[in-house]
Each structure stands twice: as structure tokens, then as C-alpha cells.
>>> print(open('target-v1.csv').read())   # CSV, C-alpha atoms
chain,number,residue,atom,x,y,z
G,1,MET,CA,6.7,15.3,29.0
G,2,SER,CA,5.6,13.6,32.3
G,3,THR,CA,6.5,14.9,35.6
G,4,GLU,CA,5.1,11.8,37.2
G,5,THR,CA,8.5,10.0,36.9
G,6,ASP,CA,7.3,7.0,39.0
G,7,LYS,CA,4.5,6.1,36.6
G,8,GLN,CA,5.3,3.6,33.9
G,9,VAL,CA,4.4,4.7,30.4
G,10,GLN,CA,2.8,1.8,28.5
G,11,ASN,CA,1.8,2.1,24.9
G,12,GLY,CA,2.4,-1.6,24.2
G,13,VAL,CA,5.7,-1.2,22.5
G,14,ASN,CA,8.7,-3.1,23.6
G,15,VAL,CA,11.3,-0.3,23.3
G,16,ASP,CA,14.0,-2.3,25.0
G,17,ALA,CA,13.7,-5.1,22.4
G,18,LEU,CA,13.9,-2.5,19.6
G,19,LEU,CA,16.9,-0.8,21.1
G,20,GLY,CA,18.5,-4.3,21.6
G,21,ALA,CA,17.8,-5.1,17.9
G,22,ARG,CA,19.3,-1.8,16.8
G,23,ASP,CA,22.4,-2.5,18.8
G,24,ALA,CA,22.7,-6.1,17.5
G,25,LEU,CA,22.1,-5.2,13.9
G,26,SER,CA,24.5,-2.3,14.0
G,27,LYS,CA,27.2,-5.0,14.6
G,28,ALA,CA,25.7,-7.5,12.0
G,29,PRO,CA,24.5,-5.4,9.1
G,30,GLU,CA,23.9,-8.4,6.9
G,31,ALA,CA,21.1,-9.5,9.2
G,32,ALA,CA,19.3,-6.2,8.6
G,33,LYS,CA,18.7,-7.1,4.9
G,34,PHE,CA,15.0,-8.0,4.6
G,35,ASN,CA,12.9,-9.1,1.7
G,36,TRP,CA,9.2,-8.7,2.0
G,37,LYS,CA,7.0,-10.8,-0.2
G,38,ALA,CA,3.5,-11.0,-1.6
G,39,SER,CA,1.7,-13.4,-3.9
G,40,CYS,CA,-1.2,-12.2,-6.0
G,41,LYS,CA,-3.7,-14.3,-7.8
G,42,TRP,CA,-6.1,-12.8,-10.4
G,43,MET,CA,-9.7,-13.8,-9.6
G,44,SER,CA,-11.8,-12.2,-12.3
G,45,GLY,CA,-12.1,-8.8,-13.9
G,46,THR,CA,-10.3,-6.2,-11.7
G,47,HIS,CA,-10.6,-8.5,-8.6
G,48,SER,CA,-7.4,-10.0,-7.3
G,49,GLN,CA,-6.4,-11.7,-4.0
G,50,THR,CA,-3.0,-11.2,-2.5
G,51,SER,CA,-1.5,-13.4,0.2
G,52,ILE,CA,1.2,-12.5,2.6
G,53,GLN,CA,3.0,-14.8,5.0
G,54,GLY,CA,6.7,-15.5,4.4
G,55,PHE,CA,9.5,-13.0,4.4
G,56,TYR,CA,13.3,-13.0,4.7
G,57,GLY,CA,15.2,-11.3,7.4
G,58,LEU,CA,17.8,-11.7,10.2
G,59,GLY,CA,19.6,-14.0,7.9
G,60,SER,CA,16.9,-16.6,7.4
G,61,GLN,CA,13.3,-17.3,6.2
G,62,GLN,CA,10.7,-15.9,8.5
G,63,SER,CA,7.0,-16.3,8.7
G,64,HIS,CA,4.0,-14.4,10.0
G,65,LYS,CA,2.0,-16.4,12.6
G,66,THR,CA,-0.8,-16.6,10.0
G,67,GLU,CA,-1.4,-15.8,6.3
G,68,PHE,CA,-2.9,-12.5,5.6
G,69,THR,CA,-5.1,-12.2,2.5
G,70,PHE,CA,-6.3,-9.0,0.8
G,71,ASP,CA,-8.9,-8.6,-1.9
G,72,THR,CA,-8.4,-5.7,-4.2
G,73,ASP,CA,-10.9,-4.5,-6.8
G,74,HIS,CA,-12.4,-1.4,-8.4
G,75,PRO,CA,-15.7,0.1,-7.2
G,76,GLU,CA,-19.0,-0.3,-9.0
G,77,ILE,CA,-18.8,3.2,-10.6
G,78,PHE,CA,-15.9,1.8,-12.6
G,79,ALA,CA,-18.2,-1.1,-13.7
G,80,SER,CA,-16.4,-3.5,-11.3
G,81,GLU,CA,-17.8,-5.7,-8.6
G,82,ASP,CA,-16.2,-3.8,-5.6
G,83,LYS,CA,-15.0,-7.0,-3.9
G,84,GLY,CA,-12.2,-5.2,-2.1
G,85,ALA,CA,-10.5,-1.9,-1.5
G,86,THR,CA,-8.9,-0.3,-4.5
G,87,PRO,CA,-5.1,-0.7,-4.8
G,88,VAL,CA,-4.5,3.0,-4.1
G,89,GLU,CA,-6.5,2.7,-0.9
G,90,MET,CA,-4.3,-0.2,0.2
G,91,VAL,CA,-1.3,2.2,-0.1
G,92,LEU,CA,-3.2,4.7,2.2
G,93,ALA,CA,-3.8,1.8,4.7
G,94,GLY,CA,0.0,1.0,4.6
G,95,LEU,CA,0.9,4.6,5.1
G,96,ALA,CA,-1.5,5.0,7.9
G,97,GLY,CA,-0.3,1.8,9.7
G,98,CYS,CA,3.3,2.8,9.3
G,99,LEU,CA,3.0,6.3,10.6
G,100,THR,CA,0.8,5.2,13.5
G,101,ALA,CA,3.1,2.4,14.6
G,102,GLY,CA,5.9,5.0,14.5
G,103,VAL,CA,3.9,7.4,16.7
G,104,ALA,CA,3.3,4.7,19.3
G,105,SER,CA,6.9,3.5,19.3
G,106,ILE,CA,8.5,7.0,19.5
G,107,ALA,CA,5.9,8.0,22.2
G,108,GLN,CA,7.1,5.0,24.2
G,109,LEU,CA,10.7,6.0,23.8
G,110,ARG,CA,9.9,9.6,24.8
G,111,LYS,CA,7.7,8.5,27.7
G,112,ILE,CA,4.5,10.0,26.3
G,113,GLN,CA,1.5,8.0,27.4
G,114,LEU,CA,-1.0,7.8,24.5
G,115,ARG,CA,-4.7,7.5,25.1
G,116,SER,CA,-5.8,7.4,21.5
G,117,VAL,CA,-4.4,8.0,18.0
G,118,LYS,CA,-6.5,8.5,14.9
G,119,ALA,CA,-5.3,9.3,11.5
G,120,THR,CA,-7.4,10.3,8.5
G,121,LEU,CA,-5.8,10.1,5.1
G,122,GLU,CA,-6.9,11.7,1.8
G,123,GLY,CA,-5.2,11.0,-1.5
G,124,ALA,CA,-6.2,13.3,-4.4
G,125,MET,CA,-6.1,11.7,-7.8
G,126,ASP,CA,-7.1,12.9,-11.3
G,127,ILE,CA,-8.3,9.7,-13.0
G,128,GLN,CA,-7.7,11.2,-16.4
G,129,GLY,CA,-4.2,9.7,-15.9
G,130,ILE,CA,-5.1,6.1,-15.5
G,131,LEU,CA,-7.8,6.4,-18.2
G,132,GLY,CA,-5.2,7.7,-20.6
G,133,ILE,CA,-7.2,10.8,-21.4
G,134,ASP,CA,-4.4,13.3,-20.7
G,135,SER,CA,-0.8,12.1,-20.7
G,136,ASP,CA,0.2,15.2,-18.7
G,137,VAL,CA,-1.8,13.9,-15.8
G,138,ARG,CA,0.0,11.4,-13.6
G,139,ASN,CA,-1.5,8.0,-12.7
G,140,GLY,CA,-0.9,8.2,-9.0
G,141,PHE,CA,-1.9,10.5,-6.2
G,142,ASP,CA,-1.3,14.3,-6.8
G,143,ASP,CA,-1.0,14.7,-3.1
G,144,ILE,CA,-1.6,12.9,0.1
G,145,LYS,CA,-2.8,14.6,3.3
G,146,VAL,CA,-2.5,12.8,6.7
G,147,THR,CA,-4.2,14.4,9.7
G,148,PHE,CA,-3.4,13.0,13.1
G,149,LYS,CA,-5.6,13.4,16.2
G,150,ILE,CA,-3.7,12.3,19.2
G,151,ASP,CA,-4.9,12.3,22.8
G,152,ALA,CA,-2.0,11.9,25.2
G,153,GLU,CA,-1.8,12.1,29.0
G,154,ASN,CA,1.4,14.1,29.2
G,155,ALA,CA,2.3,15.9,25.9
G,156,SER,CA,1.9,19.4,24.5
G,157,LYS,CA,0.8,20.1,21.0
G,158,LYS,CA,4.5,20.8,20.2
G,159,ASP,CA,5.5,17.4,21.7
G,160,LEU,CA,2.9,15.7,19.5
G,161,GLU,CA,4.1,17.5,16.4
G,162,ALA,CA,7.6,16.5,17.2
G,163,LEU,CA,6.4,12.9,17.7
G,164,VAL,CA,4.7,12.8,14.3
G,165,ALA,CA,7.6,14.5,12.6
G,166,GLN,CA,10.0,11.8,13.9
G,167,SER,CA,7.6,9.0,12.9
G,168,GLN,CA,7.6,10.5,9.4
G,169,LYS,CA,11.4,10.6,9.4
G,170,ARG,CA,11.7,6.9,10.2
G,171,SER,CA,8.7,5.6,8.2
G,172,ALA,CA,9.3,3.0,5.5
G,173,VAL,CA,6.0,3.7,3.7
G,174,PHE,CA,6.3,7.4,3.9
G,175,ASP,CA,9.7,7.1,2.2
G,176,ILE,CA,8.3,4.6,-0.4
G,177,VAL,CA,5.5,7.1,-1.3
G,178,ALA,CA,7.5,10.3,-1.0
G,179,ASN,CA,10.6,9.2,-2.8
G,180,PRO,CA,11.2,7.2,-6.0
G,181,THR,CA,11.7,3.4,-5.8
G,182,ASN,CA,12.9,1.2,-8.6
G,183,VAL,CA,10.3,-1.3,-9.6
G,184,THR,CA,11.1,-4.1,-12.1
G,185,VAL,CA,8.3,-6.0,-13.7
G,186,VAL,CA,9.0,-9.1,-15.7
G,187,VAL,CA,7.0,-11.9,-17.3
G,188,ALA,CA,8.4,-15.4,-16.3
J,189,MET,CA,-3.8,-12.5,-30.9
J,190,SER,CA,-6.8,-14.7,-31.6
J,191,THR,CA,-7.6,-16.0,-35.0
J,192,GLU,CA,-11.0,-17.3,-33.6
J,193,THR,CA,-12.7,-14.0,-34.3
J,194,ASP,CA,-16.1,-15.5,-33.5
J,195,LYS,CA,-15.2,-16.3,-30.0
J,196,GLN,CA,-16.0,-13.8,-27.3
J,197,VAL,CA,-13.1,-13.0,-25.0
J,198,GLN,CA,-14.3,-12.8,-21.4
J,199,ASN,CA,-12.0,-11.7,-18.6
J,200,GLY,CA,-14.8,-10.2,-16.5
J,201,VAL,CA,-13.8,-6.6,-17.4
J,202,ASN,CA,-16.5,-4.3,-18.8
J,203,VAL,CA,-14.3,-2.6,-21.4
J,204,ASP,CA,-17.3,-0.8,-23.0
J,205,ALA,CA,-18.1,0.9,-19.7
J,206,LEU,CA,-14.5,1.9,-19.2
J,207,LEU,CA,-14.3,3.3,-22.7
J,208,GLY,CA,-17.6,5.1,-22.1
J,209,ALA,CA,-16.2,6.6,-18.9
J,210,ARG,CA,-13.1,7.7,-20.7
J,211,ASP,CA,-15.2,9.4,-23.3
J,212,ALA,CA,-17.5,11.0,-20.7
J,213,LEU,CA,-14.7,12.2,-18.5
J,214,SER,CA,-12.7,13.7,-21.3
J,215,LYS,CA,-15.6,16.1,-21.8
J,216,ALA,CA,-16.1,16.7,-18.0
J,217,PRO,CA,-12.6,16.7,-16.5
J,218,GLU,CA,-13.8,18.0,-13.1
J,219,ALA,CA,-15.6,14.7,-12.6
J,220,ALA,CA,-12.2,12.9,-13.0
J,221,LYS,CA,-11.0,14.5,-9.7
J,222,PHE,CA,-11.1,11.7,-7.1
J,223,ASN,CA,-10.2,11.7,-3.4
J,224,TRP,CA,-9.5,8.4,-1.8
J,225,LYS,CA,-9.8,8.1,2.0
J,226,ALA,CA,-8.7,6.0,4.9
J,227,SER,CA,-9.3,6.2,8.6
J,228,CYS,CA,-6.8,4.6,10.9
J,229,LYS,CA,-7.2,3.9,14.6
J,230,TRP,CA,-4.3,2.9,16.8
J,231,MET,CA,-5.0,-0.3,18.7
J,232,SER,CA,-1.9,-0.9,20.9
J,233,GLY,CA,1.8,-1.1,20.3
J,234,THR,CA,2.5,-1.2,16.6
J,235,HIS,CA,-1.0,-2.6,15.8
J,236,SER,CA,-3.4,-0.3,14.0
J,237,GLN,CA,-6.7,-0.8,12.1
J,238,THR,CA,-7.6,1.1,9.0
J,239,SER,CA,-11.1,1.4,7.6
J,240,ILE,CA,-11.9,2.2,4.1
J,241,GLN,CA,-15.4,3.0,2.7
J,242,GLY,CA,-16.1,6.5,1.5
J,243,PHE,CA,-14.4,8.3,-1.4
J,244,TYR,CA,-15.1,11.3,-3.6
J,245,GLY,CA,-15.4,11.1,-7.4
J,246,LEU,CA,-17.6,11.9,-10.4
J,247,GLY,CA,-18.5,15.1,-8.6
J,248,SER,CA,-20.0,13.6,-5.5
J,249,GLN,CA,-19.4,11.5,-2.4
J,250,GLN,CA,-19.2,7.8,-3.2
J,251,SER,CA,-19.1,4.7,-1.1
J,252,HIS,CA,-17.9,1.1,-1.4
J,253,LYS,CA,-20.6,-1.5,-1.0
J,254,THR,CA,-19.1,-2.4,2.4
J,255,GLU,CA,-16.4,-1.1,4.7
J,256,PHE,CA,-13.0,-2.8,4.3
J,257,THR,CA,-10.8,-3.0,7.4
J,258,PHE,CA,-7.1,-3.8,7.5
J,259,ASP,CA,-5.0,-4.6,10.5
J,260,THR,CA,-1.4,-3.7,10.3
J,261,ASP,CA,1.3,-4.7,12.8
J,262,HIS,CA,4.9,-5.7,13.0
J,263,PRO,CA,6.0,-9.3,13.3
J,264,GLU,CA,7.1,-11.1,16.4
J,265,ILE,CA,10.8,-10.8,15.5
J,266,PHE,CA,10.3,-7.1,16.1
J,267,ALA,CA,8.9,-7.8,19.5
J,268,SER,CA,5.3,-7.0,18.2
J,269,GLU,CA,2.2,-9.2,18.2
J,270,ASP,CA,2.0,-9.8,14.5
J,271,LYS,CA,-1.7,-9.0,14.3
J,272,GLY,CA,-1.6,-8.0,10.7
J,273,ALA,CA,0.6,-7.6,7.7
J,274,THR,CA,3.4,-5.0,7.9
J,275,PRO,CA,2.6,-1.6,6.3
J,276,VAL,CA,5.2,-2.2,3.6
J,277,GLU,CA,3.6,-5.5,2.7
J,278,MET,CA,0.3,-3.6,2.3
J,279,VAL,CA,2.1,-1.5,-0.3
J,280,LEU,CA,3.1,-4.7,-2.1
J,281,ALA,CA,-0.5,-5.9,-2.0
J,282,GLY,CA,-1.6,-2.6,-3.5
J,283,LEU,CA,1.0,-2.8,-6.3
J,284,ALA,CA,0.1,-6.4,-7.0
J,285,GLY,CA,-3.6,-5.7,-7.2
J,286,CYS,CA,-3.1,-2.6,-9.4
J,287,LEU,CA,-0.9,-4.2,-11.9
J,288,THR,CA,-3.0,-7.4,-12.1
J,289,ALA,CA,-6.3,-5.4,-12.6
J,290,GLY,CA,-4.5,-3.6,-15.4
J,291,VAL,CA,-3.4,-6.9,-17.0
J,292,ALA,CA,-7.0,-8.1,-17.0
J,293,SER,CA,-8.4,-4.9,-18.3
J,294,ILE,CA,-5.9,-4.5,-21.1
J,295,ALA,CA,-6.1,-8.2,-22.0
J,296,GLN,CA,-9.9,-7.7,-22.5
J,297,LEU,CA,-9.3,-4.6,-24.7
J,298,ARG,CA,-6.7,-6.6,-26.8
J,299,LYS,CA,-9.0,-9.7,-27.0
J,300,ILE,CA,-6.5,-11.8,-25.1
J,301,GLN,CA,-8.4,-14.6,-23.1
J,302,LEU,CA,-6.7,-15.1,-19.8
J,303,ARG,CA,-6.7,-18.4,-18.0
J,304,SER,CA,-4.7,-17.4,-15.0
J,305,VAL,CA,-2.5,-14.6,-13.8
J,306,LYS,CA,-0.2,-14.8,-10.8
J,307,ALA,CA,2.3,-12.3,-9.6
J,308,THR,CA,4.9,-12.6,-7.0
J,309,LEU,CA,6.4,-9.5,-5.5
J,310,GLU,CA,9.6,-9.1,-3.5
J,311,GLY,CA,10.6,-5.8,-1.8
J,312,ALA,CA,14.2,-5.6,-0.6
J,313,MET,CA,14.7,-3.4,2.5
J,314,ASP,CA,17.7,-2.8,4.7
J,315,ILE,CA,16.1,-2.2,8.1
J,316,GLN,CA,19.2,-0.2,9.2
J,317,GLY,CA,17.2,2.7,7.8
J,318,ILE,CA,14.1,2.5,9.9
J,319,LEU,CA,16.1,1.6,13.0
J,320,GLY,CA,18.2,4.7,12.6
J,321,ILE,CA,21.5,2.8,12.5
J,322,ASP,CA,22.8,4.3,9.3
J,323,SER,CA,21.4,7.6,7.9
J,324,ASP,CA,22.7,6.7,4.5
J,325,VAL,CA,20.3,3.7,4.3
J,326,ARG,CA,16.8,4.7,3.2
J,327,ASN,CA,13.8,3.7,5.2
J,328,GLY,CA,11.8,2.2,2.3
J,329,PHE,CA,12.4,-0.5,-0.3
J,330,ASP,CA,15.7,-0.5,-2.1
J,331,ASP,CA,14.1,-2.2,-5.0
J,332,ILE,CA,10.9,-4.1,-5.8
J,333,LYS,CA,10.7,-7.0,-8.2
J,334,VAL,CA,7.4,-8.2,-9.7
J,335,THR,CA,7.2,-11.4,-11.6
J,336,PHE,CA,4.1,-12.3,-13.6
J,337,LYS,CA,3.1,-15.8,-14.6
J,338,ILE,CA,0.3,-15.5,-17.1
J,339,ASP,CA,-1.5,-18.4,-18.8
J,340,ALA,CA,-3.5,-17.1,-21.8
J,341,GLU,CA,-5.3,-18.9,-24.6
J,342,ASN,CA,-4.2,-16.8,-27.4
J,343,ALA,CA,-1.1,-14.7,-26.7
J,344,SER,CA,2.6,-15.1,-27.3
J,345,LYS,CA,5.3,-14.3,-24.8
J,346,LYS,CA,5.7,-11.0,-26.6
J,347,ASP,CA,2.0,-10.2,-26.4
J,348,LEU,CA,2.1,-10.9,-22.6
J,349,GLU,CA,5.2,-8.7,-22.2
J,350,ALA,CA,3.4,-5.9,-24.0
J,351,LEU,CA,0.3,-6.4,-21.9
J,352,VAL,CA,2.3,-6.2,-18.6
J,353,ALA,CA,4.2,-3.1,-19.9
J,354,GLN,CA,1.0,-1.3,-20.7
J,355,SER,CA,-0.5,-2.2,-17.3
J,356,GLN,CA,2.7,-0.7,-15.7
J,357,LYS,CA,2.3,2.4,-17.9
J,358,ARG,CA,-1.3,3.0,-16.6
J,359,SER,CA,-0.9,1.8,-13.0
J,360,ALA,CA,-1.7,4.2,-10.2
J,361,VAL,CA,0.2,2.3,-7.6
J,362,PHE,CA,3.2,1.7,-9.9
J,363,ASP,CA,3.4,5.5,-10.4
J,364,ILE,CA,3.0,6.2,-6.6
J,365,VAL,CA,5.9,3.8,-5.8
J,366,ALA,CA,8.2,4.6,-8.7
J,367,ASN,CA,7.8,8.4,-8.6
J,368,PRO,CA,7.8,10.9,-5.7
J,369,THR,CA,4.4,12.0,-4.2
J,370,ASN,CA,4.0,14.9,-1.9
J,371,VAL,CA,2.7,13.8,1.5
J,372,THR,CA,1.7,16.4,4.1
J,373,VAL,CA,1.4,15.1,7.7
J,374,VAL,CA,-0.3,17.4,10.3
J,375,VAL,CA,-1.5,17.2,13.8
J,376,ALA,CA,-5.1,18.5,14.2
>>> encode(input="target-v1.csv", output="C-alpha cells")
Amino acid sequence: MSTETDKQVQNGVNVDALLGARDALSKAPEAAKFNWKASCKWMSGTHSQTSIQGFYGLGSQQSHKTEFTFDTDHPEIFASEDKGATPVEMVLAGLAGCLTAGVASIAQLRKIQLRSVKATLEGAMDIQGILGIDSDVRNGFDDIKVTFKIDAENASKKDLEALVAQSQKRSAVFDIVANPTNVTVVVA
Amino acid sequence: MSTETDKQVQNGVNVDALLGARDALSKAPEAAKFNWKASCKWMSGTHSQTSIQGFYGLGSQQSHKTEFTFDTDHPEIFASEDKGATPVEMVLAGLAGCLTAGVASIAQLRKIQLRSVKATLEGAMDIQGILGIDSDVRNGFDDIKVTFKIDAENASKKDLEALVAQSQKRSAVFDIVANPTNVTVVVA
């Protein structure tokens, strides 16, 4: 940790606002109930486009400043047109973004000045599962490995390991991937 | 199912190639071992950018035609700059794309001609978890609901329900979300 106590740590995270929100929501737990949304439209073949803008939280409808759209597809080696990342790569992107945002937020709280954070993710998958070759092989990832490289002004390797561990502990996507989530799929 | 047996069903999925791949990989299971990759770079605050291009499969390094990049961030109500979808919304986009690609592929196999497929996804989350207010509240989604609206030329409601059920059964992202996956996070 820093010994330069006069220096302001600035990772671009508004920790006061987050601590304020924590305080406010601990007194109004109903407002903490969020509902995240996505709308997907099939384009052709394995290509789809998903739009994200509205969500519910703090007791009312909310909206991102703009709509975010994502194309997903399969690559050419699966006889598809490769018009977007694969759906499983989207999950890796979500996991990466979640853990990295956590690292920045917790660094701010712990007064660790970050210079750079990079994460590489690898998700091993035996596609005998999705192809229905072997029913003992799962469809999803066998295993995901995330490797962080963090350059900070004022943190030891141990500090950085603790930072990453805490990010993992509070990460929504880490939890979604590591633990089971109930998914209901219906046809309207 | 269609009674117009002369008519070619065309959903843009090359089922022959997929069946060929299944046949080939059942004889060469080592080639079915894939490794999907993502590289994430912290930008500032909760904003990160993830790049996806290379992956490993069929026994060698592979590459998407282009690099796909995704910005993730938190919305303004969390005192962030909202420069991208949230990481949890990325997971919804992955789930949407995976199930929809499955619907199109299985429809092709079952000779169901699709006109349109839309899916809306809702992921409920109590943010008391990620804010650390209540340790009994999980960080991830409590529950995800996916609602498909499918317009097909030649399929009953029952056919469509069977189609969606089969897509779910073979979906990589459905499996990743519904079942636990081991995630190892290290600091290099």
C-alpha cells in the first residue's frame, strides 16, 4: 500500500458513490432488485443479433445511454459465416469485464493506484458435447482459466493477489459461471 | 412438419457440414478439444475492452475472420460512464445467441422452415450481493427467463417447443449458466 498518503489514488472509480449506494440500498432492499434484459433477433443460419438497452432497478425502469448490439455467430470451420463472436466467447468477455471492473473498484477502495490491467481468458471445451457425439461430455466449458497481469504503483504481488481474490468474491459473472443458475426457456 | 416434401427448407444452416463434422470428430476425438480465448484490457474505472479473435480447435490454431471487440462498463446509476453493456448483460447476449443458433440448426435438421425467431431474456439479480450488503444474497442472477417467439411455415406449437427444448439440451452457454464450471483466476 502507498506510503505517499498525500497523493490521491485515481482509477476512475467513484467509490464514495458506491459506498453511498450500499448504505442507501441496505435501508431499502427492494430497490436492490434488478432485472437485466436482452432482445435477440435471428438473422440467418447461426447468426443472431442481440440488443441491450433497458433494464429495471432502483424501483423503476432504467436505460443505458445508448443501445448496445452484439452479433453472435459460429466460425467458418463450423460451416458458418463468422459474423460475430461465438456465444461462449461472449461469456468470456462478460467474465473478463466483470473481474476487471472489480479489480479497479477494489483497488480504488484500497488506495492502490493502477497503471494497467490485462486479463487473458481461456475456456477449454470438448465439442463432442454440443455435437452430440458423446453424452458424457458436457456442452459447456470444462474449465476456464483467467490470468491477470497488473501493473500498479504501490502494491506487492500479495496485494494484487488479494485484490483479484476480492474481485472474484464479489463478481456477478464469476458467480453465474462457477455456480448453477436456474434458466427457464419457454415458447410464447 | 412439412407435407411439401419437394420444397427445400433453407434456414442458412449447413446441416450436411455439421453432420460431416460430427462423423469426422467421432473418429478423431482429439480434434474436438477446443480452447476459446479472450483478452481484456482495463480502460478506466469500470470500463474494459475485450478482444476476441484467435482460438484453438481441430488440432491447430484458428482465427475468426476479424477481431471482435466488446466494451463493458457499468451504467450511470452506478456512478460509471456507461461505455458498454454490463458484464451480466454480455452473458445474456451469449445465452441468447447460443439458444437461437441451436433453434436454427435443429430446425434445419428437422426440416422446419423458419420465418423469424425472437428471444427476450430477463435476468433477475439482487445487487445486495455484489455490494456486499447481505452475504446470503448471491452475486449472480437469481433466475433467468428466456421467451422465444418463433414464426415458422410448417411447425406446430408442439414442434416449436420440442425445437427449443433440443436447442437447450445442446447449448454450450445454457450449460455454462445452468451448471457449475471451474474457474481459476491467477495473477501472473
>>> residues_around(input="target-v1.csv", residues="Val305 (chain J)", least_positions_apart="4", cutoff="8 Å", atoms="all atoms listed in the file", output="VMD selection string")
(chain G and resid 41 to 42) or (chain J and resid 288 336 to 339)
>>> write_last_selection(input="target-v1.csv", atoms="C-alpha atoms", output="mmCIF file, in the frame of the given file")
data_model
loop_
_atom_site.group_PDB
_atom_site.id
_atom_site.type_symbol
_atom_site.label_atom_id
_atom_site.label_comp_id
_atom_site.auth_asym_id
_atom_site.auth_seq_id
_atom_site.Cartn_x
_atom_site.Cartn_y
_atom_site.Cartn_z
ATOM 1 C CA LYS G 41 -3.700 -14.300 -7.800
ATOM 2 C CA TRP G 42 -6.100 -12.800 -10.400
ATOM 3 C CA THR J 288 -3.000 -7.400 -12.100
ATOM 4 C CA PHE J 336 4.100 -12.300 -13.600
ATOM 5 C CA LYS J 337 3.100 -15.800 -14.600
ATOM 6 C CA ILE J 338 0.300 -15.500 -17.100
ATOM 7 C CA ASP J 339 -1.500 -18.400 -18.800
#
>>> closest_residue(input="target-v1.csv", among="J:Ala209, J:Ile294, J:Ala267, J:Val374", to="Ala350 (chain J)", atoms="only C-alpha atoms")
J:Ile294
>>> atom_distance(input="target-v1.csv", atom1="CA of Gly328 (chain J)", atom2="CA of Asn179 (chain G)")
8.7 Å
>>> atom_distance(input="target-v1.csv", atom1="CA of Val201 (chain J)", atom2="CA of Leu287 (chain J)")
14.2 Å
>>> closest_residue(input="target-v1.csv", among="J:Phe222, J:Phe258, J:Phe329, J:Phe243", to="Ala96 (chain G)", atoms="only C-alpha atoms")
J:Phe258
>>> residues_around(input="target-v1.csv", residues="Val88 (chain G)", least_positions_apart="3", cutoff="12 Å", atoms="all atoms listed in the file", output="PyMOL selection string")
(chain G and resi 72-75+84-85+91-95+121-125+127+130+139-141+144+177) or (chain J and resi 222-226+240+243+278-287+359-365)
>>> residues_around(input="target-v1.csv", residues="region 320-324 of chain J", least_positions_apart="5", cutoff="9 Å", atoms="only C-alpha atoms", output="PDB file with C-alpha atoms, in the coordinates of the input")
ATOM      1  CA  ARG G  22      19.300  -1.800  16.800  1.00  0.00           C
ATOM      2  CA  ASP G  23      22.400  -2.500  18.800  1.00  0.00           C
ATOM      3  CA  LEU G  25      22.100  -5.200  13.900  1.00  0.00           C
ATOM      4  CA  SER G  26      24.500  -2.300  14.000  1.00  0.00           C
ATOM      5  CA  ARG G 170      11.700   6.900  10.200  1.00  0.00           C
TER       6      ARG G 170
ATOM      7  CA  ILE J 315      16.100  -2.200   8.100  1.00  0.00           C
TER       8      ILE J 315
END
>>> atom_distance(input="target-v1.csv", atom1="CA of Leu58 (chain G)", atom2="CA of Ala32 (chain G)")
5.9 Å
>>> closest_residue(input="target-v1.csv", among="J:Ser248, J:Gln198, J:Thr234, J:Gln301", to="chain G", atoms="only C-alpha atoms")
J:Thr234
>>> closest_residue(input="target-v1.csv", among="G:Ala107, G:Thr147, G:Asp16, G:Glu76", to="Ser232 (chain J)", atoms="all atoms listed in the file")
G:Ala107
>>> closest_residue(input="target-v1.csv", among="J:Ala307, J:Val352, J:Ala343, J:Met231", to="Ala104 (chain G)", atoms="only C-alpha atoms")
J:Met231
>>> closest_residue(input="target-v1.csv", among="J:Ala353, J:Ala289, J:Leu297, J:Gly247", to="Pro217 (chain J)", atoms="only C-alpha atoms")
J:Gly247
>>> residues_near_point(input="target-v1.csv", point="(-5.4, -12.4, -1.4)", cutoff="7 Å", atoms="only C-alpha atoms", output="PyMOL selection string")
chain G and resi 40-41+48-51+69-71
>>> decode(input="target-v1.csv", residues="region 43-73 of chain G", atoms="C-alpha atoms", output="PDB file, in the first residue's frame")
ATOM      1  CA  MET G  43     -30.598 -13.131 -38.711  1.00  0.00           C
ATOM      2  CA  SER G  44     -29.793 -16.291 -40.710  1.00  0.00           C
ATOM      3  CA  GLY G  45     -28.078 -19.589 -40.050  1.00  0.00           C
ATOM      4  CA  THR G  46     -26.245 -19.410 -36.745  1.00  0.00           C
ATOM      5  CA  HIS G  47     -26.047 -15.597 -36.884  1.00  0.00           C
ATOM      6  CA  SER G  48     -28.130 -13.617 -34.376  1.00  0.00           C
ATOM      7  CA  GLN G  49     -28.128 -10.057 -33.163  1.00  0.00           C
ATOM      8  CA  THR G  50     -28.801  -9.132 -29.556  1.00  0.00           C
ATOM      9  CA  SER G  51     -29.789  -5.643 -28.407  1.00  0.00           C
ATOM     10  CA  ILE G  52     -29.360  -4.327 -24.907  1.00  0.00           C
ATOM     11  CA  GLN G  53     -30.647  -1.046 -23.563  1.00  0.00           C
ATOM     12  CA  GLY G  54     -33.420  -1.117 -20.964  1.00  0.00           C
ATOM     13  CA  PHE G  55     -33.214  -2.669 -17.526  1.00  0.00           C
ATOM     14  CA  TYR G  56     -35.054  -2.423 -14.239  1.00  0.00           C
ATOM     15  CA  GLY G  57     -33.539  -1.323 -10.966  1.00  0.00           C
ATOM     16  CA  LEU G  58     -33.795   1.130  -8.055  1.00  0.00           C
ATOM     17  CA  GLY G  59     -37.551   0.637  -8.230  1.00  0.00           C
ATOM     18  CA  SER G  60     -38.069   1.818 -11.810  1.00  0.00           C
ATOM     19  CA  GLN G  61     -37.265   1.287 -15.482  1.00  0.00           C
ATOM     20  CA  GLN G  62     -33.761   2.382 -16.380  1.00  0.00           C
ATOM     21  CA  SER G  63     -31.926   2.745 -19.651  1.00  0.00           C
ATOM     22  CA  HIS G  64     -28.366   2.702 -20.904  1.00  0.00           C
ATOM     23  CA  LYS G  65     -27.375   5.949 -22.643  1.00  0.00           C
ATOM     24  CA  THR G  66     -27.331   4.064 -25.959  1.00  0.00           C
ATOM     25  CA  GLU G  67     -28.394   0.697 -27.281  1.00  0.00           C
ATOM     26  CA  PHE G  68     -25.612  -1.890 -27.437  1.00  0.00           C
ATOM     27  CA  THR G  69     -25.875  -4.538 -30.134  1.00  0.00           C
ATOM     28  CA  PHE G  70     -23.906  -7.751 -30.411  1.00  0.00           C
ATOM     29  CA  ASP G  71     -23.663 -10.143 -33.318  1.00  0.00           C
ATOM     30  CA  THR G  72     -23.027 -13.752 -32.454  1.00  0.00           C
ATOM     31  CA  ASP G  73     -22.264 -16.487 -34.956  1.00  0.00           C
TER      32      ASP G  73
END
